[in-house]
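First the structure, in the form of structure tokens, and then the observations on it.
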Amino acid sequence: MTPGHALRLQELRKTVRVGVRRRPVDILNGVDLSVDPNDVFGLLGPNGAGKTTTVKIALGLMRPTSGSVTLGVSGLSLVGYLPENAYFYDYLSGREFLGLCARLFSLDREERSTRVDRLLKDVGLMQAADVHLRKYSKGMLQRVGIAQALVNDPELVLLDEPMTGLDPVGRVEVKRIIEDLHERGKTVLFNSHILSDVHELCTRIAIMREGRVAWQGTVAEAMDGAATLEDFFLRVVTA
Amino acid sequence: MNQFFAIAANTFKETIRDRILGVIVVFALIMIAGGLWLGSISLGQQGRMMKDFGLTAVTVFGLIVAVFVAASLLHKEVEKRTVFVLFSKPVSRSSFIAGKFLGLCGTMAIVLAGMGLFLFGVVLVVDGSPSWMIVLAVLMIYVQLLAVMAVTIFFSTITSAILASVLGICVFVAGQLSENVLSLSRLGKNTLTQALSWVVYIVVPNLSAVDVKAGVVGEQTLAWGQLALWTGYLLAYVVVVLAFGVLVFRRKEF
């Protein structure tokens, strides 16, 4: 990771055109966000606030109408991403799918095999490694999704709703993975509606509202004067 | 290059493991075998009838597989949102399109080889001697379908899967007629019609130029040099059409 920010978004705007008349709709209205190296950064906000769009623009899946994205790592080869409600190739087994993802990062055969086995063990899917993904439960798919986001040993990990569909055991495992990434010096940014998880895991947070960052700072700063993170969140999004 | 081959291998797995493909191939084999009955009611022409009917069945079922699979390849990735996983990794749009095409080429090769071998076997039983021209005819059907697949993939970057399939079939039909259209327009005096015919002739791949079915059943002598030249033309056509597909797909957001 280069010195400075792990991810820096400046004045990010996104306008899409909808309907027959191509009516312009602003999705992002000047997002300014900076994520420091080794942060566990929580991106919060009500539905439609622009969290997923922000992450997609950061990854190059969407183009901003204006503004800039600066990744603190050299390209996507050091970035991991878990999409929201991820769907994967159901005709592949968990092992084949992770092997494919590892191959996309140009890892050699031996390295692929070692990493895939380790990740399957880490996310608790070793028993189901050779089962087709179409037979996986939602929680298992979420876990294989997290595994694919880590297959390249990324420096920056972007997780869109990583706790969705997980049972309490799955949630504990994902939290353990995020904590482990933090201990290893990685940077994690995740979107979530589960504020207790955010409180537990994050070093810094940003709260988005109507396509812009309404507040960002440390969790301790957010909790200063607020009984719970929920109270602070509601105060920001309803202000 | 690694990404390109990874996507090709994945596309091959995706398409070859599709159960509908198996159903289409089984149906094609039944149709080819049905040629035995058609041959039995033709007077002394059983072998020729068998080849003619069999190669038509290989073309039609090959076309069905080529068009419908090619049209759905990109749309499936977008609709099922697997593109998020791919394009958040160091995968270029050109590797994606080219890899998808190569994977489908592999599947088509297996499908046509299966149908071709079956036809070869049936004709061997009926005629009592091997007809190696069937191998050439199936190879040329493969070359035609490569062009149709590339065109269908291109259409799928700009329109829906269903429309891309329809347009792919239209291009196949037009490709069989493009040379005739040009010849007919030369008979007339209208310069606009002649110009339009030239445009059609350039844009639509001339598939009839590599159609050797008539040569296989002994109605036509094959011009090998011409055949090699037109094969080269169709392969170049594939590259150009895919390049246009990449240009369009680069502009897409997910």
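Going through the structure tokens in order, the chains are called A, B, and so on, while each chain numbers its residues from 1 and the ligands are numbered from 1 in the order shown.
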Closest pair table for stretch 91-189 of chain A residues within 9 Å of stretch 37-56 of chain A, only C-alpha atoms, as CSV:
residue,atom,partner,partner_atom,distance
A:Glu155,CA,A:Pro37,CA,8.7
A:Leu156,CA,A:Pro37,CA,8.3
A:Leu158,CA,A:Val55,CA,7.4
A:Leu159,CA,A:Val55,CA,8.9
A:Asp160,CA,A:Thr52,CA,7.0
A:Ile178,CA,A:Val40,CA,8.0
A:Glu179,CA,A:Val40,CA,8.5
A:Leu181,CA,A:Asn38,CA,8.6
A:His182,CA,A:Asn38,CA,6.1
A:Glu183,CA,A:Asn38,CA,8.4
A:Arg184,CA,A:Asn38,CA,8.4
A:Gly185,CA,A:Asn38,CA,5.1
A:Lys186,CA,A:Asn38,CA,5.0
A:Thr187,CA,A:Asn38,CA,4.3
A:Val188,CA,A:Val40,CA,4.7
A:Leu189,CA,A:Phe41,CA,4.5
Chain B contacts on chain A, only C-alpha atoms, 9 Å, as a ChimeraX atom specification: /A:56,59-63,75-83,86-89,91-92,100-101,103-107,145,148-149
Picked from stretch 13-118 of chain A by DSSP as strand (DSSP E or B), as a ChimeraX atom specification: /A:13-18,23-35,40-44,66-71,79-82,93
Print the selection's residues with C-alpha atoms to a file, as a compact mmCIF listing (two decimals), in the first residue's frame.
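File written: selection37.txt
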# COMPACT_ATOMS: atom_id res chain seq x y z
CA ARG A 13 -21.13 12.78 -8.60
CA LYS A 14 -23.25 10.34 -10.53
CA THR A 15 -26.28 11.17 -12.61
CA VAL A 16 -28.23 8.52 -14.47
CA ARG A 17 -30.94 9.03 -17.06
CA VAL A 18 -34.18 7.15 -16.56
CA ARG A 23 -34.94 12.28 -17.10
CA PRO A 24 -31.70 12.90 -15.14
CA VAL A 25 -31.61 11.50 -11.59
CA ASP A 26 -28.74 12.32 -9.25
CA ILE A 27 -27.54 9.29 -7.34
CA LEU A 28 -24.41 10.83 -5.87
CA ASN A 29 -24.18 14.53 -5.09
CA GLY A 30 -20.50 15.10 -4.32
CA VAL A 31 -19.24 12.26 -2.15
CA ASP A 32 -16.04 13.05 -0.27
CA LEU A 33 -14.61 10.10 1.55
CA SER A 34 -11.18 9.03 2.71
CA VAL A 35 -10.28 5.64 4.08
CA VAL A 40 -12.03 -0.95 9.30
CA PHE A 41 -14.37 1.56 7.74
CA GLY A 42 -18.15 1.32 8.01
CA LEU A 43 -20.18 2.95 5.25
CA LEU A 44 -23.67 3.47 6.61
CA SER A 66 -17.57 13.94 -12.20
CA GLY A 67 -15.11 13.67 -9.33
CA SER A 68 -12.16 11.42 -8.75
CA VAL A 69 -11.29 8.05 -7.25
CA THR A 70 -7.81 7.36 -5.92
CA LEU A 71 -6.92 3.85 -4.86
CA VAL A 79 -8.44 -5.19 -4.09
CA GLY A 80 -11.05 -7.69 -2.93
CA TYR A 81 -14.79 -7.17 -3.37
CA LEU A 82 -17.92 -8.91 -2.18
CA SER A 93 -18.29 -26.27 -7.09
Neighbour list for stretch 166-179 of chain B as a PyMOL selection string, cut-off 12 Å, only C-alpha atoms, skip fewer than 6 positions in-chain: chain B and resi 59-72+141+143-156+158-160+185-186+196-211+234
Writer output for current selection, N, CA and C atoms, as a compact mmCIF listing (two decimals), in the first residue's frame:
# COMPACT_ATOMS: atom_id res chain seq x y z
N THR B 59 -26.55 -28.61 -39.49
CA THR B 59 -26.54 -27.14 -39.64
C THR B 59 -27.62 -26.51 -38.78
N VAL B 60 -28.84 -27.03 -38.88
CA VAL B 60 -29.97 -26.42 -38.16
C VAL B 60 -29.76 -26.51 -36.65
N PHE B 61 -29.40 -27.70 -36.16
CA PHE B 61 -29.24 -27.83 -34.70
C PHE B 61 -27.98 -27.10 -34.22
N GLY B 62 -26.94 -27.08 -35.05
CA GLY B 62 -25.75 -26.31 -34.71
C GLY B 62 -26.09 -24.83 -34.59
N LEU B 63 -26.93 -24.36 -35.54
CA LEU B 63 -27.34 -22.95 -35.53
C LEU B 63 -28.15 -22.63 -34.26
N ILE B 64 -29.05 -23.54 -33.90
CA ILE B 64 -29.86 -23.32 -32.70
C ILE B 64 -28.95 -23.16 -31.48
N VAL B 65 -28.00 -24.07 -31.34
CA VAL B 65 -27.08 -24.00 -30.19
C VAL B 65 -26.27 -22.71 -30.27
N ALA B 66 -25.69 -22.44 -31.44
CA ALA B 66 -24.80 -21.27 -31.59
C ALA B 66 -25.52 -19.98 -31.23
N VAL B 67 -26.70 -19.79 -31.80
CA VAL B 67 -27.41 -18.52 -31.64
C VAL B 67 -27.94 -18.34 -30.22
N PHE B 68 -28.60 -19.36 -29.70
CA PHE B 68 -29.23 -19.18 -28.39
C PHE B 68 -28.21 -19.13 -27.25
N VAL B 69 -27.15 -19.92 -27.38
CA VAL B 69 -26.13 -19.87 -26.32
C VAL B 69 -25.35 -18.55 -26.42
N ALA B 70 -24.95 -18.17 -27.63
CA ALA B 70 -24.17 -16.94 -27.80
C ALA B 70 -24.96 -15.72 -27.31
N ALA B 71 -26.27 -15.71 -27.60
CA ALA B 71 -27.10 -14.55 -27.22
C ALA B 71 -27.24 -14.42 -25.70
N SER B 72 -27.21 -15.55 -25.00
CA SER B 72 -27.45 -15.50 -23.55
C SER B 72 -26.17 -15.35 -22.73
N ILE B 141 -19.34 -26.11 -41.74
CA ILE B 141 -20.51 -25.65 -40.96
C ILE B 141 -20.00 -24.94 -39.71
N VAL B 143 -17.17 -23.34 -39.36
CA VAL B 143 -16.64 -22.01 -39.74
C VAL B 143 -17.81 -21.02 -39.91
N GLN B 144 -18.89 -21.48 -40.56
CA GLN B 144 -20.06 -20.60 -40.73
C GLN B 144 -20.63 -20.19 -39.36
N LEU B 145 -20.72 -21.18 -38.47
CA LEU B 145 -21.33 -20.89 -37.17
C LEU B 145 -20.44 -20.00 -36.29
N LEU B 146 -19.13 -20.05 -36.52
CA LEU B 146 -18.24 -19.13 -35.78
C LEU B 146 -18.62 -17.68 -36.10
N ALA B 147 -18.87 -17.43 -37.39
CA ALA B 147 -19.26 -16.07 -37.80
C ALA B 147 -20.61 -15.70 -37.20
N VAL B 148 -21.54 -16.64 -37.20
CA VAL B 148 -22.87 -16.37 -36.63
C VAL B 148 -22.77 -16.11 -35.13
N MET B 149 -21.94 -16.91 -34.44
CA MET B 149 -21.75 -16.72 -33.00
C MET B 149 -21.18 -15.33 -32.70
N ALA B 150 -20.17 -14.94 -33.48
CA ALA B 150 -19.54 -13.63 -33.25
C ALA B 150 -20.56 -12.51 -33.46
N VAL B 151 -21.36 -12.63 -34.52
CA VAL B 151 -22.38 -11.60 -34.80
C VAL B 151 -23.41 -11.57 -33.67
N THR B 152 -23.82 -12.74 -33.21
CA THR B 152 -24.83 -12.80 -32.14
C THR B 152 -24.28 -12.20 -30.85
N ILE B 153 -23.02 -12.48 -30.55
CA ILE B 153 -22.41 -11.89 -29.34
C ILE B 153 -22.37 -10.36 -29.50
N PHE B 154 -22.04 -9.90 -30.70
CA PHE B 154 -22.03 -8.45 -30.94
C PHE B 154 -23.43 -7.87 -30.69
N PHE B 155 -24.46 -8.51 -31.26
CA PHE B 155 -25.82 -8.00 -31.06
C PHE B 155 -26.21 -8.04 -29.58
N SER B 156 -25.72 -9.05 -28.86
CA SER B 156 -26.09 -9.15 -27.44
C SER B 156 -25.48 -8.02 -26.61
N ILE B 158 -25.65 -4.95 -27.58
CA ILE B 158 -26.45 -3.73 -27.81
C ILE B 158 -27.94 -3.96 -27.64
N THR B 159 -28.37 -5.21 -27.50
CA THR B 159 -29.81 -5.47 -27.40
C THR B 159 -30.08 -6.66 -26.49
N SER B 160 -31.37 -7.03 -26.37
CA SER B 160 -31.73 -8.13 -25.47
C SER B 160 -31.31 -9.47 -26.06
N SER B 185 -28.68 -8.01 -58.27
CA SER B 185 -28.65 -6.56 -58.42
C SER B 185 -27.83 -6.15 -59.65
N ARG B 186 -26.86 -6.99 -60.02
CA ARG B 186 -26.03 -6.68 -61.20
C ARG B 186 -26.84 -6.76 -62.48
N LEU B 196 -26.74 -0.66 -52.50
CA LEU B 196 -27.28 -1.30 -51.30
C LEU B 196 -26.87 -2.77 -51.24
N SER B 197 -26.89 -3.43 -52.37
CA SER B 197 -26.50 -4.84 -52.42
C SER B 197 -25.05 -5.01 -52.01
N TRP B 198 -24.20 -4.06 -52.44
CA TRP B 198 -22.80 -4.12 -52.04
C TRP B 198 -22.65 -3.95 -50.52
N VAL B 199 -23.44 -3.03 -49.96
CA VAL B 199 -23.39 -2.81 -48.50
C VAL B 199 -23.77 -4.11 -47.78
N VAL B 200 -24.87 -4.73 -48.24
CA VAL B 200 -25.32 -6.00 -47.63
C VAL B 200 -24.23 -7.05 -47.78
N TYR B 201 -23.61 -7.08 -48.95
CA TYR B 201 -22.59 -8.09 -49.24
C TYR B 201 -21.36 -7.92 -48.32
N ILE B 202 -21.05 -6.66 -47.99
CA ILE B 202 -19.88 -6.40 -47.15
C ILE B 202 -20.20 -6.63 -45.67
N VAL B 203 -21.40 -6.17 -45.25
CA VAL B 203 -21.75 -6.25 -43.82
C VAL B 203 -22.11 -7.67 -43.42
N VAL B 204 -22.88 -8.35 -44.27
CA VAL B 204 -23.33 -9.71 -43.92
C VAL B 204 -22.27 -10.72 -44.37
N PRO B 205 -21.89 -11.66 -43.49
CA PRO B 205 -20.86 -12.62 -43.90
C PRO B 205 -21.36 -13.53 -45.02
N ASN B 206 -20.52 -13.74 -46.00
CA ASN B 206 -20.91 -14.60 -47.13
C ASN B 206 -20.72 -16.07 -46.72
N LEU B 207 -21.75 -16.61 -46.09
CA LEU B 207 -21.65 -17.97 -45.54
C LEU B 207 -21.75 -19.03 -46.64
N SER B 208 -22.49 -18.71 -47.70
CA SER B 208 -22.68 -19.70 -48.77
C SER B 208 -21.36 -20.06 -49.46
N ALA B 209 -20.36 -19.14 -49.33
CA ALA B 209 -19.08 -19.39 -50.00
C ALA B 209 -18.35 -20.60 -49.41
N VAL B 210 -18.65 -20.94 -48.15
CA VAL B 210 -17.97 -22.11 -47.55
C VAL B 210 -18.95 -23.27 -47.34
N ASP B 211 -20.12 -23.18 -47.97
CA ASP B 211 -21.10 -24.26 -47.86
C ASP B 211 -20.73 -25.35 -48.88
N LEU B 234 -13.87 -15.40 -43.45
CA LEU B 234 -14.84 -15.52 -42.36
C LEU B 234 -14.16 -15.40 -40.99
For stretch 119-132 of chain B: contacts at 8 Å, only C-alpha atoms, fewer than 3 positions along chain excluded, given as a PyMOL selection string: chain B and resi 32-33+46-47+50-51+54-55+115-116+135-136
10 Å contact set for A:Ile194, only C-alpha atoms, chain neighbours under 5 positions out, as an MDAnalysis selection string: chainID A and resid 44 161 163:164 199 230
Who sits within 8 Å of A:Val123, only C-alpha atoms, same chain under 5 positions skipped, as a ChimeraX atom specification: /A:143-144,146-147,173-174
Would you return as a tab-separated table (two decimals) with N, CA and C atoms, in the first residue's frame the members of stretch 144-209 of chain B that DSSP assigns to alpha helix (DSSP H) on this structure's backbone?
chain	number	residue	atom	x	y	z
B	144	GLN	N	-18.89	-21.48	-40.56
B	144	GLN	CA	-20.06	-20.60	-40.73
B	144	GLN	C	-20.63	-20.19	-39.36
B	145	LEU	N	-20.72	-21.18	-38.47
B	145	LEU	CA	-21.33	-20.89	-37.17
B	145	LEU	C	-20.44	-20.00	-36.29
B	146	LEU	N	-19.13	-20.05	-36.52
B	146	LEU	CA	-18.24	-19.13	-35.78
B	146	LEU	C	-18.62	-17.68	-36.10
B	147	ALA	N	-18.87	-17.43	-37.39
B	147	ALA	CA	-19.26	-16.07	-37.80
B	147	ALA	C	-20.61	-15.70	-37.20
B	148	VAL	N	-21.54	-16.64	-37.20
B	148	VAL	CA	-22.87	-16.37	-36.63
B	148	VAL	C	-22.77	-16.11	-35.13
B	149	MET	N	-21.94	-16.91	-34.44
B	149	MET	CA	-21.75	-16.72	-33.00
B	149	MET	C	-21.18	-15.33	-32.70
B	150	ALA	N	-20.17	-14.94	-33.48
B	150	ALA	CA	-19.54	-13.63	-33.25
B	150	ALA	C	-20.56	-12.51	-33.46
B	151	VAL	N	-21.36	-12.63	-34.52
B	151	VAL	CA	-22.38	-11.60	-34.80
B	151	VAL	C	-23.41	-11.57	-33.67
B	152	THR	N	-23.82	-12.74	-33.21
B	152	THR	CA	-24.83	-12.80	-32.14
B	152	THR	C	-24.28	-12.20	-30.85
B	153	ILE	N	-23.02	-12.48	-30.55
B	153	ILE	CA	-22.41	-11.89	-29.34
B	153	ILE	C	-22.37	-10.36	-29.50
B	154	PHE	N	-22.04	-9.90	-30.70
B	154	PHE	CA	-22.03	-8.45	-30.94
B	154	PHE	C	-23.43	-7.87	-30.69
B	155	PHE	N	-24.46	-8.51	-31.26
B	155	PHE	CA	-25.82	-8.00	-31.06
B	155	PHE	C	-26.21	-8.04	-29.58
B	156	SER	N	-25.72	-9.05	-28.86
B	156	SER	CA	-26.09	-9.15	-27.44
B	156	SER	C	-25.48	-8.02	-26.61
B	157	THR	N	-24.45	-7.33	-27.16
B	157	THR	CA	-23.90	-6.18	-26.42
B	157	THR	C	-24.77	-4.93	-26.57
B	158	ILE	N	-25.65	-4.95	-27.58
B	158	ILE	CA	-26.45	-3.73	-27.81
B	158	ILE	C	-27.94	-3.96	-27.64
B	161	ALA	N	-31.33	-10.50	-25.20
B	161	ALA	CA	-30.90	-11.84	-25.64
B	161	ALA	C	-31.83	-12.37	-26.74
B	162	ILE	N	-33.12	-12.14	-26.59
B	162	ILE	CA	-34.08	-12.68	-27.56
B	162	ILE	C	-33.87	-12.02	-28.93
B	163	LEU	N	-33.75	-10.69	-28.90
B	163	LEU	CA	-33.55	-9.97	-30.17
B	163	LEU	C	-32.21	-10.35	-30.81
B	164	ALA	N	-31.20	-10.53	-29.96
B	164	ALA	CA	-29.88	-10.93	-30.49
B	164	ALA	C	-29.98	-12.30	-31.16
B	165	SER	N	-30.78	-13.21	-30.57
B	165	SER	CA	-30.96	-14.55	-31.18
B	165	SER	C	-31.63	-14.42	-32.54
B	166	VAL	N	-32.70	-13.61	-32.58
B	166	VAL	CA	-33.44	-13.43	-33.84
B	166	VAL	C	-32.52	-12.83	-34.90
B	167	LEU	N	-31.76	-11.82	-34.50
B	167	LEU	CA	-30.85	-11.17	-35.46
B	167	LEU	C	-29.75	-12.13	-35.91
B	168	GLY	N	-29.30	-12.98	-34.99
B	168	GLY	CA	-28.29	-13.98	-35.35
B	168	GLY	C	-28.81	-14.93	-36.41
B	169	ILE	N	-30.06	-15.37	-36.25
B	169	ILE	CA	-30.67	-16.27	-37.25
B	169	ILE	C	-30.83	-15.53	-38.58
B	170	CYS	N	-31.25	-14.26	-38.50
B	170	CYS	CA	-31.42	-13.46	-39.72
B	170	CYS	C	-30.10	-13.35	-40.48
B	171	VAL	N	-29.01	-13.12	-39.74
B	171	VAL	CA	-27.69	-13.00	-40.38
B	171	VAL	C	-27.30	-14.32	-41.04
B	172	PHE	N	-27.64	-15.44	-40.37
B	172	PHE	CA	-27.33	-16.74	-40.97
B	172	PHE	C	-28.06	-16.91	-42.31
B	173	VAL	N	-29.36	-16.57	-42.29
B	173	VAL	CA	-30.16	-16.71	-43.53
B	173	VAL	C	-29.64	-15.76	-44.60
B	174	ALA	N	-29.40	-14.50	-44.20
B	174	ALA	CA	-28.90	-13.51	-45.16
B	174	ALA	C	-27.53	-13.92	-45.70
B	175	GLY	N	-26.72	-14.54	-44.81
B	175	GLY	CA	-25.40	-14.99	-45.22
B	175	GLY	C	-25.43	-16.06	-46.29
B	176	GLN	N	-26.52	-16.83	-46.32
B	176	GLN	CA	-26.67	-17.86	-47.35
B	176	GLN	C	-27.08	-17.23	-48.69
B	177	LEU	N	-27.65	-16.00	-48.59
B	177	LEU	CA	-28.22	-15.38	-49.81
B	177	LEU	C	-27.44	-14.18	-50.32
B	178	SER	N	-26.46	-13.70	-49.53
B	178	SER	CA	-25.82	-12.41	-49.86
B	178	SER	C	-25.20	-12.42	-51.26
B	179	GLU	N	-24.61	-13.54	-51.66
B	179	GLU	CA	-23.99	-13.61	-52.98
B	179	GLU	C	-25.06	-13.52	-54.08
B	180	ASN	N	-26.20	-14.19	-53.83
B	180	ASN	CA	-27.30	-14.15	-54.81
B	180	ASN	C	-27.87	-12.74	-54.95
B	181	VAL	N	-27.98	-12.05	-53.81
B	181	VAL	CA	-28.50	-10.68	-53.84
B	181	VAL	C	-27.61	-9.80	-54.72
B	182	LEU	N	-26.30	-9.96	-54.55
B	182	LEU	CA	-25.35	-9.17	-55.34
B	182	LEU	C	-25.47	-9.52	-56.83
B	183	SER	N	-25.57	-10.81	-57.12
B	183	SER	CA	-25.68	-11.24	-58.53
B	183	SER	C	-26.95	-10.69	-59.16
B	184	LEU	N	-28.06	-10.75	-58.42
B	184	LEU	CA	-29.33	-10.26	-58.95
B	184	LEU	C	-29.29	-8.77	-59.21
B	185	SER	N	-28.68	-8.01	-58.27
B	185	SER	CA	-28.65	-6.56	-58.42
B	185	SER	C	-27.83	-6.15	-59.65
B	186	ARG	N	-26.86	-6.99	-60.02
B	186	ARG	CA	-26.03	-6.68	-61.20
B	186	ARG	C	-26.84	-6.76	-62.48
B	187	LEU	N	-27.91	-7.56	-62.44
B	187	LEU	CA	-28.75	-7.71	-63.62
B	187	LEU	C	-29.54	-6.44	-63.91
B	191	THR	N	-28.67	1.99	-59.80
B	191	THR	CA	-27.40	2.11	-59.09
B	191	THR	C	-27.59	2.07	-57.57
B	192	LEU	N	-28.73	2.60	-57.11
B	192	LEU	CA	-28.99	2.59	-55.67
B	192	LEU	C	-29.12	1.14	-55.17
B	193	THR	N	-29.86	0.33	-55.92
B	193	THR	CA	-30.03	-1.08	-55.55
B	193	THR	C	-28.68	-1.78	-55.56
B	194	GLN	N	-27.89	-1.46	-56.56
B	194	GLN	CA	-26.57	-2.09	-56.65
B	194	GLN	C	-25.69	-1.69	-55.47
B	195	ALA	N	-25.76	-0.39	-55.10
B	195	ALA	CA	-24.96	0.09	-53.97
B	195	ALA	C	-25.41	-0.58	-52.68
B	196	LEU	N	-26.74	-0.66	-52.50
B	196	LEU	CA	-27.28	-1.30	-51.30
B	196	LEU	C	-26.87	-2.77	-51.24
B	197	SER	N	-26.89	-3.43	-52.37
B	197	SER	CA	-26.50	-4.84	-52.42
B	197	SER	C	-25.05	-5.01	-52.01
B	198	TRP	N	-24.20	-4.06	-52.44
B	198	TRP	CA	-22.80	-4.12	-52.04
B	198	TRP	C	-22.65	-3.95	-50.52
B	199	VAL	N	-23.44	-3.03	-49.96
B	199	VAL	CA	-23.39	-2.81	-48.50
B	199	VAL	C	-23.77	-4.11	-47.78
B	200	VAL	N	-24.87	-4.73	-48.24
B	200	VAL	CA	-25.32	-6.00	-47.63
B	200	VAL	C	-24.23	-7.05	-47.78
B	201	TYR	N	-23.61	-7.08	-48.95
B	201	TYR	CA	-22.59	-8.09	-49.24
B	201	TYR	C	-21.36	-7.92	-48.32
B	202	ILE	N	-21.05	-6.66	-47.99
B	202	ILE	CA	-19.88	-6.40	-47.15
B	202	ILE	C	-20.20	-6.63	-45.67
B	203	VAL	N	-21.40	-6.17	-45.25
B	203	VAL	CA	-21.75	-6.25	-43.82
B	203	VAL	C	-22.11	-7.67	-43.42
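Using only C-alpha atoms for every distance, the candidate list B:Val138, B:Val78, B:Met133, B:Val238 yields B:Met133 as the residue closest to B:Thr221.
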